[in-house]
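File shown: entry_9.pdb (PDB, C-alpha atoms and all ligand atoms).
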ATOM      1  CA  MET A 300      21.785 -19.991  13.986
ATOM      2  CA  SER A 301      24.851 -18.090  12.787
ATOM      3  CA  ASN A 302      24.992 -17.557   9.090
ATOM      4  CA  LYS A 303      27.952 -15.544   7.949
ATOM      5  CA  LYS A 304      26.655 -14.928   4.468
ATOM      6  CA  GLN A 305      23.629 -13.142   5.731
ATOM      7  CA  GLN A 306      25.537 -10.654   7.800
ATOM      8  CA  VAL A 307      25.570  -7.272   6.189
ATOM      9  CA  SER A 308      27.750  -4.539   7.592
ATOM     10  CA  ARG A 309      26.209  -1.217   8.415
ATOM     11  CA  ARG A 310      28.035   0.465   5.576
ATOM     12  CA  GLN A 311      26.916  -2.164   3.113
ATOM     13  CA  PHE A 312      23.417  -1.851   4.362
ATOM     14  CA  LEU A 313      23.420   1.897   3.858
ATOM     15  CA  ASN A 314      24.841   1.402   0.399
ATOM     16  CA  TYR A 315      22.118  -1.000  -0.494
ATOM     17  CA  THR A 316      19.482   1.207   0.967
ATOM     18  CA  LEU A 317      20.634   4.369  -0.712
ATOM     19  CA  THR A 318      21.025   2.683  -4.069
ATOM     20  CA  GLY A 319      17.637   1.158  -3.582
ATOM     21  CA  VAL A 320      16.008   4.474  -2.783
ATOM     22  CA  GLY A 321      17.719   6.217  -5.701
ATOM     23  CA  GLY A 322      16.591   3.560  -8.104
ATOM     24  CA  PHE A 323      13.117   3.693  -6.701
ATOM     25  CA  MET A 324      12.859   7.444  -7.156
ATOM     26  CA  ALA A 325      14.105   7.286 -10.718
ATOM     27  CA  ALA A 326      11.555   4.621 -11.457
ATOM     28  CA  GLY A 327       8.880   6.781  -9.905
ATOM     29  CA  MET A 328       9.741   9.700 -12.131
ATOM     30  CA  LEU A 329       9.868   7.645 -15.277
ATOM     31  CA  ALA A 330       6.644   5.814 -14.640
ATOM     32  CA  PRO A 331       3.815   7.230 -16.709
ATOM     33  CA  MET A 332       1.274   8.850 -14.436
ATOM     34  CA  VAL A 333      -1.726   7.413 -16.160
ATOM     35  CA  ARG A 334      -3.509   5.699 -13.322
ATOM     36  CA  PHE A 335      -3.941   6.603  -9.704
ATOM     37  CA  ALA A 336      -2.205   4.573  -7.084
ATOM     38  CA  VAL A 337      -5.524   3.669  -5.474
ATOM     39  CA  ASP A 338      -6.384   1.402  -8.319
ATOM     40  CA  PRO A 339      -6.316  -1.987  -6.591
ATOM     41  CA  VAL A 340      -6.304  -3.866  -9.885
ATOM     42  CA  LEU A 341      -2.692  -2.807 -10.223
ATOM     43  CA  LYS A 342      -1.654  -4.025  -6.783
ATOM     44  CA  PRO A 343       0.537  -7.076  -7.142
ATOM     45  CA  GLN A 344      -1.047 -10.088  -5.594
ATOM     46  CA  LYS A 345      -0.094 -13.578  -6.574
ATOM     47  CA  ALA A 346      -2.643 -14.955  -8.999
ATOM     48  CA  GLY A 347      -4.426 -17.966  -7.652
ATOM     49  CA  ASP A 348      -4.105 -16.930  -4.023
ATOM     50  CA  PHE A 349      -7.417 -17.315  -2.262
ATOM     51  CA  ILE A 350      -8.093 -16.307   1.324
ATOM     52  CA  ALA A 351     -10.710 -17.991   3.483
ATOM     53  CA  THR A 352     -13.254 -15.455   4.719
ATOM     54  CA  GLY A 353     -14.941 -17.613   7.325
ATOM     55  CA  THR A 354     -18.294 -16.814   5.731
ATOM     56  CA  GLU A 355     -20.539 -19.817   5.047
ATOM     57  CA  VAL A 356     -21.807 -19.780   1.493
ATOM     58  CA  SER A 357     -25.233 -20.895   2.725
ATOM     59  CA  SER A 358     -25.580 -17.659   4.696
ATOM     60  CA  ILE A 359     -25.131 -15.446   1.619
ATOM     61  CA  THR A 360     -28.390 -13.933   0.357
ATOM     62  CA  ASN A 361     -29.298 -11.693  -2.539
ATOM     63  CA  THR A 362     -28.733  -8.634  -0.341
ATOM     64  CA  PRO A 363     -25.137  -7.355  -0.354
ATOM     65  CA  THR A 364     -23.550  -8.069   3.016
ATOM     66  CA  ARG A 365     -20.242  -6.933   4.351
ATOM     67  CA  VAL A 366     -17.543  -9.605   4.634
ATOM     68  CA  ASP A 367     -14.255  -8.782   6.363
ATOM     69  CA  PHE A 368     -11.131 -10.880   6.075
ATOM     70  CA  SER A 369      -7.411 -10.457   6.584
ATOM     71  CA  TYR A 370      -4.060 -11.957   5.733
ATOM     72  CA  GLU A 371      -0.354 -11.407   6.299
ATOM     73  CA  GLN A 372       1.568  -9.437   3.733
ATOM     74  CA  VAL A 373       5.326  -8.948   3.546
ATOM     75  CA  ASP A 374       6.795  -6.093   1.583
ATOM     76  CA  ALA A 375      10.370  -4.852   1.416
ATOM     77  CA  TRP A 376      10.225  -3.353   4.916
ATOM     78  CA  TYR A 377       7.322  -4.600   6.934
ATOM     79  CA  LYS A 378       5.305  -7.645   7.621
ATOM     80  CA  SER A 379       1.782  -6.509   8.168
ATOM     81  CA  THR A 380      -1.747  -7.749   8.497
ATOM     82  CA  VAL A 381      -3.922  -6.516   5.687
ATOM     83  CA  SER A 382      -7.642  -6.196   6.349
ATOM     84  CA  LYS A 383      -9.982  -6.349   3.410
ATOM     85  CA  THR A 384     -13.676  -5.939   2.965
ATOM     86  CA  ALA A 385     -16.075  -7.140   0.295
ATOM     87  CA  TRP A 386     -19.765  -6.639  -0.410
ATOM     88  CA  VAL A 387     -21.063 -10.121  -1.109
ATOM     89  CA  TYR A 388     -24.386 -11.333  -2.539
ATOM     90  CA  LYS A 389     -25.892 -14.045  -4.753
ATOM     91  CA  ASP A 390     -27.121 -12.947  -8.173
ATOM     92  CA  GLU A 391     -30.333 -14.243  -9.870
ATOM     93  CA  LYS A 392     -28.487 -17.330 -11.070
ATOM     94  CA  GLY A 393     -27.324 -18.061  -7.534
ATOM     95  CA  ASP A 394     -23.711 -17.179  -8.344
ATOM     96  CA  ILE A 395     -21.724 -15.380  -5.672
ATOM     97  CA  VAL A 396     -20.602 -11.851  -6.438
ATOM     98  CA  ALA A 397     -18.021 -10.131  -4.198
ATOM     99  CA  LEU A 398     -17.454  -6.456  -4.925
ATOM    100  CA  SER A 399     -14.527  -4.367  -3.769
ATOM    101  CA  PRO A 400     -15.732  -1.471  -1.560
ATOM    102  CA  ILE A 401     -13.083   0.898  -2.880
ATOM    103  CA  CYS A 402     -14.706   3.823  -4.667
ATOM    104  CA  LYS A 403     -13.443   4.207  -8.224
ATOM    105  CA  HIS A 404     -13.380   7.969  -7.857
ATOM    106  CA  LEU A 405     -10.687   8.594  -5.243
ATOM    107  CA  GLY A 406     -10.639   5.466  -3.154
ATOM    108  CA  CYS A 407     -12.988   5.972  -0.186
ATOM    109  CA  ILE A 408     -14.940   2.975   1.152
ATOM    110  CA  VAL A 409     -18.498   2.626  -0.138
ATOM    111  CA  GLU A 410     -21.366   1.188   1.847
ATOM    112  CA  TRP A 411     -24.503  -0.688   0.794
ATOM    113  CA  LYS A 412     -27.534   1.287   1.952
ATOM    114  CA  LYS A 413     -30.552  -0.717   2.993
ATOM    115  CA  GLU A 414     -32.789   2.273   3.520
ATOM    116  CA  GLY A 415     -33.021   6.037   3.287
ATOM    117  CA  GLU A 416     -32.165   8.381   0.466
ATOM    118  CA  HIS A 417     -29.788   6.002  -1.292
ATOM    119  CA  ALA A 418     -31.616   2.749  -0.532
ATOM    120  CA  ASN A 419     -30.419  -0.294  -2.474
ATOM    121  CA  GLN A 420     -27.305   1.408  -3.740
ATOM    122  CA  TYR A 421     -23.700   1.614  -2.683
ATOM    123  CA  TYR A 422     -22.998   5.089  -1.376
ATOM    124  CA  CYS A 423     -19.641   6.813  -1.105
ATOM    125  CA  PRO A 424     -19.513   9.243   1.846
ATOM    126  CA  CYS A 425     -16.724  11.339   0.347
ATOM    127  CA  HIS A 426     -18.321  12.953  -2.699
ATOM    128  CA  GLY A 427     -21.664  11.174  -2.978
ATOM    129  CA  GLY A 428     -20.659   8.524  -5.504
ATOM    130  CA  LEU A 429     -23.384   5.927  -6.148
ATOM    131  CA  TYR A 430     -23.341   2.415  -7.602
ATOM    132  CA  SER A 431     -26.134  -0.056  -8.251
ATOM    133  CA  LYS A 432     -26.130  -3.559  -6.773
ATOM    134  CA  ASN A 433     -23.855  -5.103  -9.408
ATOM    135  CA  GLY A 434     -21.382  -2.268  -8.925
ATOM    136  CA  ASP A 435     -22.415  -0.171 -11.923
ATOM    137  CA  ASN A 436     -21.602   3.490 -11.328
ATOM    138  CA  VAL A 437     -24.602   5.793 -11.408
ATOM    139  CA  PRO A 438     -24.137   8.515 -14.057
ATOM    140  CA  GLY A 439     -24.011  12.035 -12.705
ATOM    141  CA  THR A 440     -22.020  11.000  -9.615
ATOM    142  CA  PRO A 441     -18.220  11.353  -9.550
ATOM    143  CA  PRO A 442     -17.101   7.744 -10.192
ATOM    144  CA  LEU A 443     -16.462   6.938 -13.849
ATOM    145  CA  ALA A 444     -16.170   3.162 -13.595
ATOM    146  CA  PRO A 445     -17.987   0.300 -11.871
ATOM    147  CA  LEU A 446     -16.684  -1.188  -8.630
ATOM    148  CA  ASP A 447     -14.008  -3.859  -9.036
ATOM    149  CA  GLN A 448     -14.688  -7.362  -7.831
ATOM    150  CA  TYR A 449     -12.866 -10.223  -6.160
ATOM    151  CA  LYS A 450     -12.375 -13.597  -7.735
ATOM    152  CA  THR A 451     -14.390 -16.056  -5.672
ATOM    153  CA  ASN A 452     -13.979 -19.687  -4.776
ATOM    154  CA  VAL A 453     -15.867 -22.077  -2.518
ATOM    155  CA  LYS A 454     -14.261 -24.815  -0.453
ATOM    156  CA  ASP A 455     -16.136 -26.933   2.099
ATOM    157  CA  GLY A 456     -19.038 -24.507   2.019
ATOM    158  CA  VAL A 457     -16.838 -21.547   2.922
ATOM    159  CA  LEU A 458     -16.285 -18.469   0.762
ATOM    160  CA  TYR A 459     -12.714 -17.778  -0.403
ATOM    161  CA  LEU A 460     -11.758 -14.495  -2.050
ATOM    162  CA  GLY A 461      -8.874 -13.960  -4.419
ATOM    163  CA  GLU A 462      -7.357 -11.139  -6.405
ATOM    164  CA  ILE A 463      -9.282  -8.039  -7.385
ATOM    165  CA  VAL A 464     -10.232  -7.804 -11.045
ATOM    166  CA  PRO A 465     -12.278  -5.311 -13.090
ATOM    167  CA  ASN A 466     -16.039  -5.644 -12.803
ATOM    168  CA  GLN A 467     -17.559  -8.368 -14.942
ATOM    169  CA  GLU A 468     -21.126  -8.099 -13.723
ATOM    170  CA  VAL A 469     -21.989  -4.892 -15.547
ATOM    171  CA  LYS A 470     -22.920  -5.785 -19.072
TER     172      LYS A 470
ATOM    173  CA  MET B 287      -4.532  10.227   1.625
ATOM    174  CA  LYS B 288      -1.351   9.828   3.517
ATOM    175  CA  TRP B 289       1.649  12.082   3.443
ATOM    176  CA  SER B 290       3.374   9.759   1.001
ATOM    177  CA  TYR B 291       4.670  10.024  -2.544
ATOM    178  CA  ASN B 292       1.958   7.873  -4.090
ATOM    179  CA  ASP B 293      -0.885   9.577  -2.295
ATOM    180  CA  MET B 294       0.390  13.051  -3.073
ATOM    181  CA  GLU B 295       0.594  12.039  -6.701
ATOM    182  CA  MET B 296      -3.115  11.393  -6.462
ATOM    183  CA  TYR B 297      -3.715  14.576  -4.452
ATOM    184  CA  VAL B 298      -2.096  16.951  -6.925
ATOM    185  CA  GLN B 299      -4.443  15.703  -9.617
ATOM    186  CA  ALA B 300      -7.597  15.852  -7.507
ATOM    187  CA  LYS B 301      -7.106  18.812  -5.163
ATOM    188  CA  GLU B 302     -10.615  20.160  -5.646
ATOM    189  CA  TYR B 303     -12.031  17.015  -4.035
ATOM    190  CA  VAL B 304      -9.739  16.992  -1.021
ATOM    191  CA  ASP B 305     -10.903  19.500   1.556
ATOM    192  CA  THR B 306     -10.083  17.993   4.940
ATOM    193  CA  PHE B 307      -6.763  18.018   6.794
ATOM    194  CA  LEU B 308      -6.550  15.681   9.770
ATOM    195  CA  VAL B 309      -3.802  16.267  12.346
ATOM    196  CA  PRO B 310      -3.278  13.584  15.016
ATOM    197  CA  PHE B 311      -1.819  14.770  18.346
ATOM    198  CA  VAL B 312       0.845  12.514  19.852
ATOM    199  CA  PRO B 313       2.145  13.903  23.166
ATOM    200  CA  PHE B 314       5.102  12.312  24.954
ATOM    201  CA  SER B 315       6.813  12.503  28.325
ATOM    202  CA  PHE B 316       9.266  10.537  30.443
ATOM    203  CA  SER B 317       8.959  12.604  33.594
ATOM    204  CA  ARG B 318       5.894  10.987  35.085
ATOM    205  CA  ASN B 319       5.520   7.608  36.701
ATOM    206  CA  ASP B 320       6.246   4.481  34.709
ATOM    207  CA  GLU B 321       2.586   3.640  34.265
ATOM    208  CA  ASP B 322       1.978   7.023  32.672
ATOM    209  CA  THR B 323       4.910   6.592  30.318
ATOM    210  CA  LYS B 324       3.522   3.284  29.153
ATOM    211  CA  ARG B 325       0.019   4.641  28.896
ATOM    212  CA  LEU B 326       1.132   7.593  26.767
ATOM    213  CA  ALA B 327       2.967   5.286  24.392
ATOM    214  CA  LEU B 328      -0.115   3.114  24.185
ATOM    215  CA  HIS B 329      -2.145   6.188  23.273
ATOM    216  CA  ALA B 330       0.276   6.850  20.450
ATOM    217  CA  GLU B 331      -0.321   3.327  19.132
ATOM    218  CA  LEU B 332      -4.023   3.779  19.508
ATOM    219  CA  MET B 333      -3.880   7.065  17.602
ATOM    220  CA  ASP B 334      -2.131   5.242  14.804
ATOM    221  CA  ILE B 335      -4.959   2.732  14.605
ATOM    222  CA  PHE B 336      -7.577   5.505  14.626
ATOM    223  CA  VAL B 337      -6.104   7.657  11.919
ATOM    224  CA  ASN B 338      -5.129   4.758   9.682
ATOM    225  CA  GLU B 339      -8.661   3.493   9.757
ATOM    226  CA  ILE B 340     -10.156   6.930   9.137
ATOM    227  CA  GLU B 341      -7.712   7.558   6.313
ATOM    228  CA  LYS B 342      -8.607   4.230   4.753
ATOM    229  CA  GLN B 343     -12.342   4.911   4.815
ATOM    230  CA  TYR B 344     -12.118   8.531   3.670
ATOM    231  CA  LYS B 345      -9.012   8.341   1.532
ATOM    232  CA  GLY B 346     -10.364  10.476  -1.281
ATOM    233  CA  ARG B 347     -11.306  13.492   0.812
ATOM    234  CA  ILE B 348      -8.845  13.649   3.701
ATOM    235  CA  VAL B 349      -5.141  14.287   3.897
ATOM    236  CA  LEU B 350      -3.651  12.744   7.011
ATOM    237  CA  ALA B 351      -0.966  15.090   8.326
ATOM    238  CA  PRO B 352       2.212  13.896   9.979
ATOM    239  CA  SER B 353       1.462  13.551  13.714
ATOM    240  CA  TYR B 354       1.851  16.638  15.855
ATOM    241  CA  SER B 355       4.112  15.832  18.799
ATOM    242  CA  TYR B 356       4.650  17.889  21.945
ATOM    243  CA  LEU B 357       5.733  17.505  25.546
ATOM    244  CA  LEU B 358       2.864  16.532  27.766
ATOM    245  CA  ASP B 359       4.286  18.731  30.516
ATOM    246  CA  GLY B 360       5.189  21.596  28.239
ATOM    247  CA  ASP B 361       3.432  24.911  27.881
ATOM    248  CA  TYR B 362       0.365  24.338  25.747
ATOM    249  CA  ASN B 363      -0.030  28.033  25.123
ATOM    250  CA  GLU B 364       3.146  27.880  23.093
ATOM    251  CA  GLU B 365       1.694  25.190  20.881
ATOM    252  CA  ILE B 366      -1.412  27.158  20.001
ATOM    253  CA  PRO B 367       0.186  29.701  17.621
ATOM    254  CA  LYS B 368       2.025  26.875  15.857
ATOM    255  CA  LEU B 369      -1.175  24.916  15.402
ATOM    256  CA  ASN B 370      -3.038  27.967  14.222
ATOM    257  CA  GLY B 371      -0.222  28.494  11.743
ATOM    258  CA  TYR B 372      -0.953  25.023  10.388
ATOM    259  CA  VAL B 373      -4.613  25.927  10.083
ATOM    260  CA  GLU B 374      -3.868  29.139   8.167
ATOM    261  CA  HIS B 375      -1.482  27.296   5.888
ATOM    262  CA  ALA B 376      -3.955  24.515   5.138
ATOM    263  CA  LYS B 377      -6.777  27.027   4.525
ATOM    264  CA  ASP B 378      -4.602  29.095   2.199
ATOM    265  CA  ASN B 379      -4.005  25.935   0.219
ATOM    266  CA  GLY B 380      -7.567  24.909  -0.375
ATOM    267  CA  PHE B 381      -8.501  22.894   2.708
ATOM    268  CA  LYS B 382     -11.803  23.792   4.351
ATOM    269  CA  HIS B 383     -11.849  21.525   7.377
ATOM    270  CA  ILE B 384      -8.859  21.288   9.651
ATOM    271  CA  LEU B 385      -9.380  18.650  12.310
ATOM    272  CA  PHE B 386      -7.206  18.009  15.357
ATOM    273  CA  LEU B 387      -7.656  14.550  16.821
ATOM    274  CA  THR B 388      -6.515  13.952  20.398
ATOM    275  CA  PHE B 389      -6.878  11.751  23.488
ATOM    276  CA  ASP B 390      -5.317  14.491  25.603
ATOM    277  CA  LYS B 391      -7.871  16.044  27.973
ATOM    278  CA  LYS B 392      -5.787  19.150  28.456
ATOM    279  CA  TRP B 393      -6.794  20.412  25.036
ATOM    280  CA  LYS B 394     -10.458  20.484  25.924
ATOM    281  CA  LYS B 395     -10.310  23.747  27.812
ATOM    282  CA  ARG B 396      -8.179  25.346  25.097
ATOM    283  CA  ASP B 397     -10.543  24.305  22.357
ATOM    284  CA  SER B 398     -11.783  27.840  21.710
ATOM    285  CA  LYS B 399      -8.268  29.156  21.096
ATOM    286  CA  LEU B 400      -7.626  26.716  18.279
ATOM    287  CA  HIS B 401      -8.727  27.820  14.839
ATOM    288  CA  GLY B 402      -9.254  24.236  13.744
ATOM    289  CA  ASN B 403     -11.887  21.783  14.997
ATOM    290  CA  LEU B 404     -10.759  19.788  18.011
ATOM    291  CA  ILE B 405     -12.022  16.224  18.235
ATOM    292  CA  TRP B 406     -11.345  14.805  21.668
ATOM    293  CA  VAL B 407     -11.804  11.087  22.236
ATOM    294  CA  SER B 408     -11.490   9.228  25.519
ATOM    295  CA  ALA B 409      -8.736   6.646  25.260
ATOM    296  CA  GLY B 410     -10.350   4.445  27.909
ATOM    297  CA  GLN B 411      -8.478   2.112  30.232
ATOM    298  CA  THR B 412      -7.397  -0.553  27.780
ATOM    299  CA  HIS B 413      -3.943  -2.100  28.031
ATOM    300  CA  ASP B 414      -4.352  -4.846  25.498
ATOM    301  CA  LEU B 415      -5.272  -3.471  22.096
ATOM    302  CA  GLN B 416      -5.675  -7.009  20.755
ATOM    303  CA  SER B 417      -8.407  -8.147  23.139
ATOM    304  CA  GLU B 418     -11.802  -8.540  21.606
ATOM    305  CA  GLU B 419     -13.360  -6.160  24.082
ATOM    306  CA  ALA B 420     -10.850  -3.438  23.247
ATOM    307  CA  GLN B 421     -11.270  -4.000  19.550
ATOM    308  CA  ASN B 422     -15.020  -3.601  19.762
ATOM    309  CA  MET B 423     -14.685  -0.451  21.807
ATOM    310  CA  ILE B 424     -12.130   1.028  19.451
ATOM    311  CA  ARG B 425     -14.285   0.126  16.439
ATOM    312  CA  THR B 426     -17.253   1.909  17.979
ATOM    313  CA  GLN B 427     -15.217   5.008  18.761
ATOM    314  CA  ILE B 428     -13.707   5.125  15.295
ATOM    315  CA  ASP B 429     -17.194   4.907  13.807
ATOM    316  CA  GLN B 430     -18.290   7.804  16.008
ATOM    317  CA  VAL B 431     -15.371   9.965  14.928
ATOM    318  CA  MET B 432     -16.070   9.152  11.291
ATOM    319  CA  GLU B 433     -19.681  10.106  11.705
ATOM    320  CA  LEU B 434     -18.642  13.347  13.345
ATOM    321  CA  ILE B 435     -16.398  14.114  10.388
ATOM    322  CA  THR B 436     -19.305  13.704   7.975
ATOM    323  CA  THR B 437     -21.267  16.254  10.002
ATOM    324  CA  TYR B 438     -18.502  18.798   9.366
ATOM    325  CA  TRP B 439     -18.810  17.982   5.691
ATOM    326  CA  GLN B 440     -22.527  18.724   5.756
ATOM    327  CA  GLU B 441     -22.092  22.215   7.151
TER     328      GLU B 441
HETATM  329  S1  LIG A 501     -14.143   8.968  -3.517
HETATM  330 FE1  LIG A 501     -16.107   8.135  -3.800
HETATM  331  S2  LIG A 501     -17.191   9.749  -4.731
HETATM  332 FE2  LIG A 501     -15.217  10.561  -4.494
END

What does the file become when written as structure tokens?
Ligand code: FES
Amino acid sequence: MSNKKQQVSRRQFLNYTLTGVGGFMAAGMLAPMVRFAVDPVLKPQKAGDFIATGTEVSSITNTPTRVDFSYEQVDAWYKSTVSKTAWVYKDEKGDIVALSPICKHLGCIVEWKKEGEHANQYYCPCHGGLYSKNGDNVPGTPPLAPLDQYKTNVKDGVLYLGEIVPNQEVK
Amino acid sequence: MKWSYNDMEMYVQAKEYVDTFLVPFVPFSFSRNDEDTKRLALHAELMDIFVNEIEKQYKGRIVLAPSYSYLLDGDYNEEIPKLNGYVEHAKDNGFKHILFLTFDKKWKKRDSKLHGNLIWVSAGQTHDLQSEEAQNMIRTQIDQVMELITTYWQE
């Protein structure tokens, strides 16, 4: 398995790395700071990639239920397993809706409350953000936008989730 | 938020919402028996899992500090002023809750000398962090720590 072309000397490697880091920092400074880094809509993810969640579509009800799934991701430095969560339910038409749990305020994870003070809403534990079932942000709480949602797909009765897009349920 | 460029970019624009500073303790030592060395390293991995998960859930309110490392066989009384210095610094800069997270029992009896809140968690006897049993246990413990953190927020 020797491949001469792929061998990079230590000095070369450092050169690459340092150039890379310099370029990266310059880019960082030039980039307009309009949106926060938490915004998952901006995260690059190949369009059309769908991940099997292992959740049977027949088990999805009209109550939002937590679905966890994971996949391998490779970036410039690490290969890592990414775990994702969605709140999944069927709307009145029977269509599947999968909302991202990432709070649009500052990125904490929201939870669907079945009972108690915030029953039938998504609640954010960080600063009390609230969203209704379709992800619409409740006025007077910190978030200023509805929860994002995943593209959904069904294959062999199993739910597949794709890239995260802005909410389309809130009309 | 992590101690990273992107997260600090978010922090500087939202400081008033970020009031909690979480400091993980990661002790090390090579002077004990081999099992202990391995166990300590495992605890470091476990700490990583804990704080990453907590940071993910509470990203908008917590800053995760770089881990605090020290010698397991060192003099803990020397660490205390340093840690209290962290607490003062964080408080002076707008943080209200300074939390120290540790698996190290030896901190328990020094709890009252620390000006931050010490959260001690039992690391258990796990060797294999991937086993389903371990994962369930870890999940439960992480949930407990997260719940504890919300009780500080309600004070
Ligand atoms: S991060 Fe959710 S309300 Fe602030």

To test your reading of the syntax: which residues would the PyMOL selection byres (((not hetatm)) within 12 of (chain A and resi 501)) return for the file shown? Reply as a PyMOL selection string.
(chain A and resi 337-338+400-410+421-430+436-446) or (chain B and resi 287+296-297+300-305+341-348)

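When atom CA of Ala327 of chain B is paired with atom CA of Leu404 of chain B, their separation reads 21.0 Å.
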
Rounded to one decimal, what separation in Å do you get between atom CA of Ser357 of chain A and atom CA of Ala397 of chain A?
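That distance, rounded to one decimal, is 14.7 Å.
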
List the spatial neighbours of Thr360 of chain A as an MDAnalysis selection string - criterion: any atom at most 7 Å away, only C-alpha atoms, same-chain residues fewer than 2 positions off excluded.
chainID A and resid 358 362 388:389

For the provided coordinates, the residues matched by the PyMOL selection byres (((chain B and resi 423) around 12) and not hetatm) should be stated as a list in words.
Leu332, Phe336, Val407, Ser408, Ala409, Gly410, Gln411, Thr412, Asp414, Leu415, Gln416, Ser417, Glu418, Glu419, Ala420, Gln421, Asn422, Ile424, Arg425, Thr426, Gln427, Ile428, Asp429 and Gln430 of chain B

Expected file contents, prior selection, C-alpha atoms, as a PDB file, in the coordinates of the input:
ATOM      1  CA  LEU B 332      -4.023   3.779  19.508  1.00  0.00           C
ATOM      2  CA  PHE B 336      -7.577   5.505  14.626  1.00  0.00           C
ATOM      3  CA  VAL B 407     -11.804  11.087  22.236  1.00  0.00           C
ATOM      4  CA  SER B 408     -11.490   9.228  25.519  1.00  0.00           C
ATOM      5  CA  ALA B 409      -8.736   6.646  25.260  1.00  0.00           C
ATOM      6  CA  GLY B 410     -10.350   4.445  27.909  1.00  0.00           C
ATOM      7  CA  GLN B 411      -8.478   2.112  30.232  1.00  0.00           C
ATOM      8  CA  THR B 412      -7.397  -0.553  27.780  1.00  0.00           C
ATOM      9  CA  ASP B 414      -4.352  -4.846  25.498  1.00  0.00           C
ATOM     10  CA  LEU B 415      -5.272  -3.471  22.096  1.00  0.00           C
ATOM     11  CA  GLN B 416      -5.675  -7.009  20.755  1.00  0.00           C
ATOM     12  CA  SER B 417      -8.407  -8.147  23.139  1.00  0.00           C
ATOM     13  CA  GLU B 418     -11.802  -8.540  21.606  1.00  0.00           C
ATOM     14  CA  GLU B 419     -13.360  -6.160  24.082  1.00  0.00           C
ATOM     15  CA  ALA B 420     -10.850  -3.438  23.247  1.00  0.00           C
ATOM     16  CA  GLN B 421     -11.270  -4.000  19.550  1.00  0.00           C
ATOM     17  CA  ASN B 422     -15.020  -3.601  19.762  1.00  0.00           C
ATOM     18  CA  ILE B 424     -12.130   1.028  19.451  1.00  0.00           C
ATOM     19  CA  ARG B 425     -14.285   0.126  16.439  1.00  0.00           C
ATOM     20  CA  THR B 426     -17.253   1.909  17.979  1.00  0.00           C
ATOM     21  CA  GLN B 427     -15.217   5.008  18.761  1.00  0.00           C
ATOM     22  CA  ILE B 428     -13.707   5.125  15.295  1.00  0.00           C
ATOM     23  CA  ASP B 429     -17.194   4.907  13.807  1.00  0.00           C
ATOM     24  CA  GLN B 430     -18.290   7.804  16.008  1.00  0.00           C
TER      25      GLN B 430
END

Place a sphere of radius 6 Å on (-7.0, 21.8, 11.7) in the file coordinates and name every protein, DNA or RNA residue with an atom inside or on its surface, counting all atoms listed in the file; give the answer as number ranges by chain.
B: 373, 384-386, 402-403

Pick from B:Lys288, B:Val298, B:Thr436, B:Asp397 nearest to Glu339 of chain B, counting all atoms listed in the file:
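Selected residue with least distance to Glu339 of chain B: B:Lys288.
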
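What the PyMOL selection byres (((chain A and resi 364-374) around 6) and not hetatm) grabs from this file is Thr352, Pro363, Ala375, Trp376, Tyr377, Lys378, Ser379, Thr380, Val381, Ser382, Lys383, Thr384, Ala385, Trp386 and Val387 of chain A.
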
Rounded to one decimal, what separation in Å do you get between atom CA of Leu350 of chain B and atom CA of Leu308 of chain B?
5.0 Å

Which residues, written as a compact mmCIF listing (two decimals) with C-alpha atoms, keeping the file's coordinate frame, have at least one atom at most 9 Å from Phe314 of chain B, with all atoms listed in the file counted and residues fewer than 5 positions away on the same chain left out?
# COMPACT_ATOMS: atom_id res chain seq x y z
CA THR B 323 4.91 6.59 30.32
CA LEU B 326 1.13 7.59 26.77
CA ALA B 327 2.97 5.29 24.39
CA ALA B 330 0.28 6.85 20.45
CA SER B 355 4.11 15.83 18.80
CA TYR B 356 4.65 17.89 21.94
CA LEU B 357 5.73 17.50 25.55
CA LEU B 358 2.86 16.53 27.77
CA ASP B 359 4.29 18.73 30.52
